[in-house]
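So this block is run_13.txt, compact mmCIF, C-alpha atoms:
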# COMPACT_ATOMS: atom_id res chain seq x y z
CA MET N 1 5.72 7.02 9.64
CA ASP N 2 7.90 5.45 7.01
CA ILE N 3 5.73 2.96 5.15
CA GLN N 4 8.82 1.22 3.79
CA GLN N 5 9.69 0.23 7.35
CA LEU N 6 6.37 -1.53 8.03
CA ALA N 7 7.75 -5.04 7.52
CA GLN N 8 10.69 -4.27 9.82
CA ARG N 9 8.31 -2.99 12.50
CA LEU N 10 6.94 -6.53 12.73
CA ARG N 11 10.23 -7.39 14.47
CA ASP N 12 10.20 -4.46 16.87
CA PRO N 13 10.91 -5.52 20.47
CA ASP N 14 7.73 -3.71 21.59
CA PRO N 15 4.70 -5.97 20.93
CA ARG N 16 2.45 -2.89 20.63
CA ILE N 17 4.47 -1.74 17.62
CA ARG N 18 4.19 -5.21 16.08
CA VAL N 19 0.40 -5.20 16.56
CA GLU N 20 0.17 -1.70 15.10
CA ALA N 21 2.14 -2.76 12.01
CA LEU N 22 -0.04 -5.86 11.58
CA ARG N 23 -3.22 -3.78 11.75
CA ILE N 24 -1.89 -1.32 9.16
CA LEU N 25 -0.92 -4.14 6.79
CA ALA N 26 -4.40 -5.63 7.18
CA MET N 27 -6.10 -2.27 6.59
CA VAL N 28 -4.20 -1.51 3.40
CA GLU N 29 -4.46 -5.15 2.27
CA GLU N 30 -0.74 -5.33 1.60
CA THR N 31 -0.79 -8.85 0.18
CA ARG N 32 2.98 -8.81 -0.34
CA ALA N 33 3.32 -8.97 3.43
CA LEU N 34 1.53 -12.33 3.66
CA GLY N 35 4.84 -14.20 3.98
CA VAL N 36 6.21 -12.04 6.77
CA VAL N 37 2.84 -12.08 8.57
CA ARG N 38 2.91 -15.86 8.37
CA TRP N 39 6.35 -15.74 9.97
CA VAL N 40 4.98 -13.62 12.86
CA TYR N 41 2.03 -15.98 13.29
CA LEU N 42 4.39 -18.94 13.55
CA HIS N 43 7.23 -17.45 15.59
CA ASP N 44 6.19 -14.40 17.62
CA PRO N 45 6.77 -14.99 21.34
CA GLU N 46 3.55 -13.15 22.34
CA SER N 47 0.29 -15.03 21.93
CA GLY N 48 -1.62 -11.72 21.57
CA VAL N 49 0.59 -10.72 18.64
CA ARG N 50 0.17 -14.15 17.06
CA GLU N 51 -3.62 -13.77 17.30
CA VAL N 52 -3.50 -10.40 15.51
CA ALA N 53 -1.14 -11.97 12.93
CA ASN N 54 -3.74 -14.70 12.42
CA TRP N 55 -6.46 -12.08 11.84
CA THR N 56 -4.19 -10.09 9.49
CA GLY N 57 -3.13 -13.21 7.64
CA ARG N 58 -6.73 -14.24 7.01
CA LEU N 59 -7.66 -10.78 5.72
CA LEU N 60 -4.60 -10.67 3.44
CA TRP N 61 -5.29 -14.19 2.25
CA GLU N 62 -8.90 -13.28 1.42
CA ALA N 63 -7.71 -10.17 -0.43
CA HIS N 64 -5.14 -12.28 -2.31
CA GLN N 65 -7.84 -14.82 -3.19
CA ARG N 66 -10.08 -12.17 -4.71
CA GLY N 67 -7.17 -10.92 -6.81
CA HIS N 68 -6.30 -7.79 -4.87
CA SER N 69 -2.73 -6.54 -4.86
CA THR N 70 -1.15 -3.19 -4.11
CA GLU N 71 0.52 -3.21 -7.52
CA ARG N 72 -2.83 -3.71 -9.23
CA ALA N 73 -4.52 -1.03 -7.13
CA LEU N 74 -1.78 1.42 -8.07
CA GLU N 75 -1.80 0.36 -11.70
CA ASP N 76 -5.52 1.12 -11.74
CA MET N 77 -4.53 4.74 -11.41
CA PHE N 78 -3.36 4.58 -15.02
CA LYS N 79 -6.75 3.35 -16.18
CA ARG N 80 -8.55 6.34 -14.73
CA PRO N 81 -8.81 9.33 -17.03
CA MET N 82 -6.22 11.96 -16.12
CA SER N 83 -6.57 15.64 -16.81
CA PRO N 84 -4.01 16.96 -19.34
CA GLU N 85 -2.31 18.89 -16.50
CA SER N 86 -2.06 15.73 -14.37
CA GLN N 87 -0.68 13.78 -17.31
CA ILE N 88 2.02 16.36 -17.90
CA ARG N 89 2.85 16.49 -14.18
CA PHE N 90 3.00 12.70 -14.06
CA LEU N 91 5.30 12.50 -17.07
CA GLU N 92 7.46 15.31 -15.75
CA SER N 93 7.91 13.38 -12.51
CA PHE N 94 9.85 10.80 -14.51
CA GLU N 95 11.93 13.44 -16.31
CA PHE N 96 12.26 11.63 -19.60
CA ASN N 97 14.71 14.06 -21.05
CA VAL N 98 15.66 11.78 -23.91
CA GLY N 99 14.68 13.96 -26.84
CA VAL N 100 12.81 11.23 -28.68
CA GLY N 101 9.50 12.48 -29.96
CA VAL N 102 6.70 14.25 -28.14
CA ASN N 103 4.10 11.54 -28.59
CA LEU N 104 2.13 11.80 -25.33
CA LYS N 105 0.79 8.24 -25.59
CA ALA N 106 4.28 6.77 -26.02
CA ARG N 107 5.71 8.90 -23.21
CA ARG N 108 2.89 7.77 -20.98
CA PHE N 109 3.55 4.13 -21.84
CA ALA N 110 7.24 4.53 -21.08
CA ALA N 111 6.43 6.23 -17.79
CA GLU N 112 4.05 3.40 -16.90
CA GLN N 113 6.72 0.77 -17.50
CA THR N 114 9.18 2.66 -15.34
CA PHE N 115 6.55 3.24 -12.66
CA ARG N 116 5.81 -0.50 -12.47
CA ARG N 117 9.47 -1.41 -12.11
CA ARG N 118 10.00 1.18 -9.43
CA LEU N 119 6.84 0.11 -7.62
CA ASP N 120 8.13 -3.43 -7.55
CA GLU N 121 11.36 -2.17 -5.97
CA ALA N 122 9.59 0.06 -3.46
CA LEU N 123 7.25 -2.67 -2.27
CA ARG N 124 9.91 -5.33 -1.90
CA PRO N 125 10.30 -5.84 1.85
CA PRO N 126 13.84 -4.91 2.88
CA ASP N 127 14.18 -8.01 5.03
CA GLN N 128 13.47 -11.14 3.04
CA VAL N 129 13.66 -13.53 6.02
CA GLY N 130 10.35 -15.26 6.54
CA ASN N 131 9.00 -13.56 3.47
CA GLU N 132 8.20 -16.62 1.50
CA ASP N 133 5.79 -16.77 -1.40
CA ALA N 134 2.37 -15.29 -0.67
CA GLY N 135 0.82 -18.30 -2.32
CA GLY N 136 0.20 -20.64 0.65
CA GLU N 137 -3.08 -21.32 2.39
CA TRP N 138 -4.09 -19.45 5.53
CA PRO N 139 -3.58 -20.47 8.27
CA PRO N 140 -0.29 -22.20 7.35
CA ALA N 141 -0.97 -25.90 7.02
CA GLN N 142 2.06 -27.04 9.06
CA ILE N 143 0.78 -25.36 12.22
CA PRO N 144 -1.90 -27.20 14.16
CA PRO N 145 -4.70 -24.92 15.43
CA ARG N 146 -4.02 -23.80 18.98
CA THR N 147 -6.30 -25.33 21.59
CA GLY N 148 -9.34 -23.21 22.37
CA GLU N 149 -8.58 -20.75 19.61
CA ASP N 150 -11.52 -19.83 17.41
CA VAL N 151 -9.97 -18.81 14.13
CA THR N 152 -13.35 -18.07 12.58
CA ASP N 153 -14.24 -15.21 14.89
CA ARG N 154 -12.62 -12.07 13.54
CA SER N 155 -13.42 -9.99 16.62
CA GLU N 156 -11.42 -12.25 18.92
CA ASN N 157 -8.32 -12.12 16.77
CA ARG N 158 -7.69 -8.42 16.46
CA MET E 159 4.70 20.83 15.97
CA GLY E 160 3.24 22.92 13.12
CA ASP E 161 -0.41 23.68 12.35
CA SER E 162 -0.81 20.55 10.28
CA GLY E 163 0.62 18.48 13.14
CA LEU E 164 -1.84 20.00 15.58
CA GLY E 165 -4.69 19.39 13.13
CA LEU E 166 -3.58 15.83 12.70
CA ARG E 167 -3.47 15.21 16.45
CA ASN E 168 -6.87 16.85 16.87
CA TRP E 169 -8.53 14.65 14.23
CA ILE E 170 -6.83 11.54 15.57
CA GLN E 171 -8.20 12.26 19.04
CA LYS E 172 -11.69 12.62 17.58
CA LEU E 173 -11.49 9.10 16.14
CA SER E 174 -12.44 7.85 19.60
CA ASP E 175 -15.42 10.19 19.96
CA PRO E 176 -18.57 8.32 21.04
CA ASP E 177 -20.54 10.04 18.26
CA PRO E 178 -20.09 8.07 15.00
CA THR E 179 -20.67 11.19 12.88
CA VAL E 180 -17.68 12.85 14.56
CA ARG E 181 -15.57 9.76 13.88
CA GLU E 182 -16.71 9.78 10.25
CA ALA E 183 -15.78 13.45 9.86
CA SER E 184 -12.38 12.79 11.43
CA ILE E 185 -11.65 9.95 9.03
CA LYS E 186 -12.51 12.19 6.07
CA GLU E 187 -10.26 14.97 7.37
CA LEU E 188 -7.39 12.56 7.97
CA GLU E 189 -7.74 11.23 4.44
CA LEU E 190 -7.57 14.77 3.11
CA LEU E 191 -4.47 15.52 5.18
CA GLY E 192 -2.86 12.40 3.70
CA ASP E 193 -0.28 12.08 6.47
CA THR E 194 1.05 8.57 7.08
CA GLN E 195 1.25 9.41 10.81
CA ALA E 196 -2.52 8.83 10.81
CA LEU E 197 -2.17 5.22 9.65
CA PRO E 198 -1.84 3.59 13.11
CA ALA E 199 -4.93 5.41 14.41
CA LEU E 200 -6.95 4.59 11.29
CA ALA E 201 -5.81 0.98 11.52
CA GLU E 202 -7.06 0.83 15.09
CA VAL E 203 -10.46 2.13 13.97
CA PHE E 204 -10.42 -0.42 11.15
CA ALA E 205 -9.72 -3.21 13.65
CA MET E 206 -11.80 -2.12 16.62
CA ASP E 207 -14.64 0.28 15.77
CA ALA E 208 -18.11 -0.99 16.62
CA GLU E 209 -19.63 0.36 13.38
CA PRO E 210 -18.89 -1.69 10.24
CA ALA E 211 -19.44 1.39 8.03
CA ILE E 212 -16.84 3.33 9.99
CA ARG E 213 -14.39 0.44 9.81
CA ALA E 214 -14.86 0.42 6.02
CA MET E 215 -14.35 4.19 5.83
CA ALA E 216 -11.17 3.94 7.88
CA GLN E 217 -9.88 1.24 5.55
CA GLN E 218 -10.64 3.34 2.48
CA ALA E 219 -8.90 6.36 3.99
CA GLY E 220 -5.94 4.25 5.09
CA LYS E 221 -5.50 2.78 1.62
CA SER E 222 -5.74 6.19 0.02
CA ILE E 223 -3.03 7.59 2.33
CA TYR E 224 -0.85 4.51 1.82
CA TYR E 225 -1.06 4.57 -1.98
CA ARG E 226 -0.33 8.28 -2.10
CA ALA E 227 2.69 7.71 0.15
CA ILE E 228 3.97 5.04 -2.24
CA GLN E 229 3.43 7.42 -5.14
CA ARG E 230 5.44 10.12 -3.35
CA ILE E 231 8.27 7.66 -2.71
CA LEU E 232 8.31 6.69 -6.37
CA GLU E 233 8.23 10.28 -7.53
CA ALA E 234 11.01 11.26 -5.15
CA GLN E 235 13.37 8.69 -6.63
CA GLY E 236 14.85 10.00 -9.81
CA PRO E 237 15.02 7.55 -12.70
CA SER E 238 18.21 5.50 -12.82
CA GLU E 239 20.47 5.43 -15.87
CA GLU E 240 19.02 2.04 -16.77
CA GLU E 241 15.47 3.38 -16.55
CA ARG E 242 16.40 6.32 -18.74
CA ARG E 243 17.98 3.98 -21.26
CA GLN E 244 14.92 1.69 -21.29
CA ALA E 245 12.55 4.65 -21.55
CA ALA E 246 14.57 6.04 -24.45
CA GLU E 247 14.39 2.65 -26.15
CA ILE E 248 10.60 2.43 -25.73
CA LEU E 249 10.14 5.95 -27.03
CA ALA E 250 12.45 5.34 -29.98
CA GLN E 251 10.57 2.17 -30.92
CA ALA E 252 7.25 4.01 -30.68
CA GLU E 253 8.62 6.75 -32.92
CA ILE E 254 9.85 4.21 -35.49
CA ARG E 255 6.46 2.43 -35.51
CA LYS E 256 4.74 5.77 -35.98
CA ARG E 257 6.96 6.66 -38.95
CA LEU E 258 6.52 3.24 -40.55
CA ASN E 259 2.74 3.53 -40.23
CA LYS E 260 2.87 6.94 -41.91
CA HIS E 261 4.66 5.47 -44.92
CA LYS E 262 2.26 2.55 -45.32
CA PRO E 263 0.17 2.78 -48.47

The structure given in the file should be rewritten as structure tokens.
Amino acid sequence: MDIQQLAQRLRDPDPRIRVEALRILAMVEETRALGVVRWVYLHDPESGVREVANWTGRLLWEAHQRGHSTERALEDMFKRPMSPESQIRFLESFEFNVGVGVNLKARRFAAEQTFRRRLDEALRPPDQVGNEDAGGEWPPAQIPPRTGEDVTDRSENR
Amino acid sequence: MGDSGLGLRNWIQKLSDPDPTVREASIKELELLGDTQALPALAEVFAMDAEPAIRAMAQQAGKSIYYRAIQRILEAQGPSEEERRQAAEILAQAEIRKRLNKHKP
């Protein structure tokens, strides 16, 4: 499975694939997907998919509210102590063949900066349509709650 | 399908075992395998399993596989010319600061 295709799978013609992608995004708390999940919740033709999108959206919103983000989770990797071998492997993965000093701390800092920029690129959904700012409330305010739908019961919305 | 593929399929099947200890063991094995093909099955456990502890374990395993996959993607992409230039700049500045500090009284 190509994780970079997850956002695109939300537009797959097969609703089972769309539900699968929504569940994965909820599980990994991919808060960057909040915009595209909101789009599915508002526009998907299948009510079952919209219900799962509602469940996913609430979980992502809660994660966003408590300050979780994939970038931060990955950045935390830098805060954990690394063995010298891991540090060298990590730095080698960036191949900084620039011949400027051998200061491990500086090389690590440079690698970190590059890693963050690349992470930002890698996590940017390829399709920006419906991928508005993750900052809104959940559920989206402009949508009236559907009749008979209990948005507070997680088990009914997954 | 290779050995790892067969192992993967085997552990995924066990995620629906009625015995929660078997499901737990399967989640741990899938996390160790680190294959993103396990993500849909883990996500289903996360969404549907009757045991909250197992749902939490599936989430943890899913995140671990997901983050490692992102790391692999990042590592597979070689640095661009711009990244190399910026890295060189950062390293050069660090070197200059280091030398200046050495010469401070």

Name all residues at most 12 Å from Arg226 of chain E (count only C-alpha atoms; drop same-chain ones fewer than 3 positions away) and give them as a list in words.
Ile3, Val28, Thr70, Ala73, Leu74 and Met77 of chain N; Glu189, Leu190, Leu191, Gly192, Asp193, Thr194, Ala219, Gly220, Lys221, Ser222, Ile223, Gln229, Arg230, Ile231, Leu232 and Glu233 of chain E

Among the residues E:Glu209, E:Glu182, E:Glu202, E:Asp175, the one that comes closest to chain N [using all atoms listed in the file]:
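Smallest distance to chain N is found for E:Glu202.
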
Counting all atoms listed in the file, select every polymer residue within 12 Å of (-2.0, 10.3, 10.5) as defined in the file's coordinates, and provide the selection as an NGL selection string.
(:N and (1-3 or 24)) or (:E and (162-171 or 173 or 184-202 or 216 or 219-220 or 222-224 or 227))

Can you list, as number ranges by chain, every protein, DNA or RNA residue that comes within 7 Å of segment 55-69 of chain N when you count only C-alpha atoms, leaving out same-chain residues fewer than 3 positions away?
N: 22-23, 26, 29-31, 34, 37-38, 51-52, 72-73, 138, 154, 157-158

Which residue is closest to Ala211 of chain E? Choose from E:Lys260, E:Arg255, E:Lys172, E:Arg181 and count all atoms listed in the file.
E:Arg181
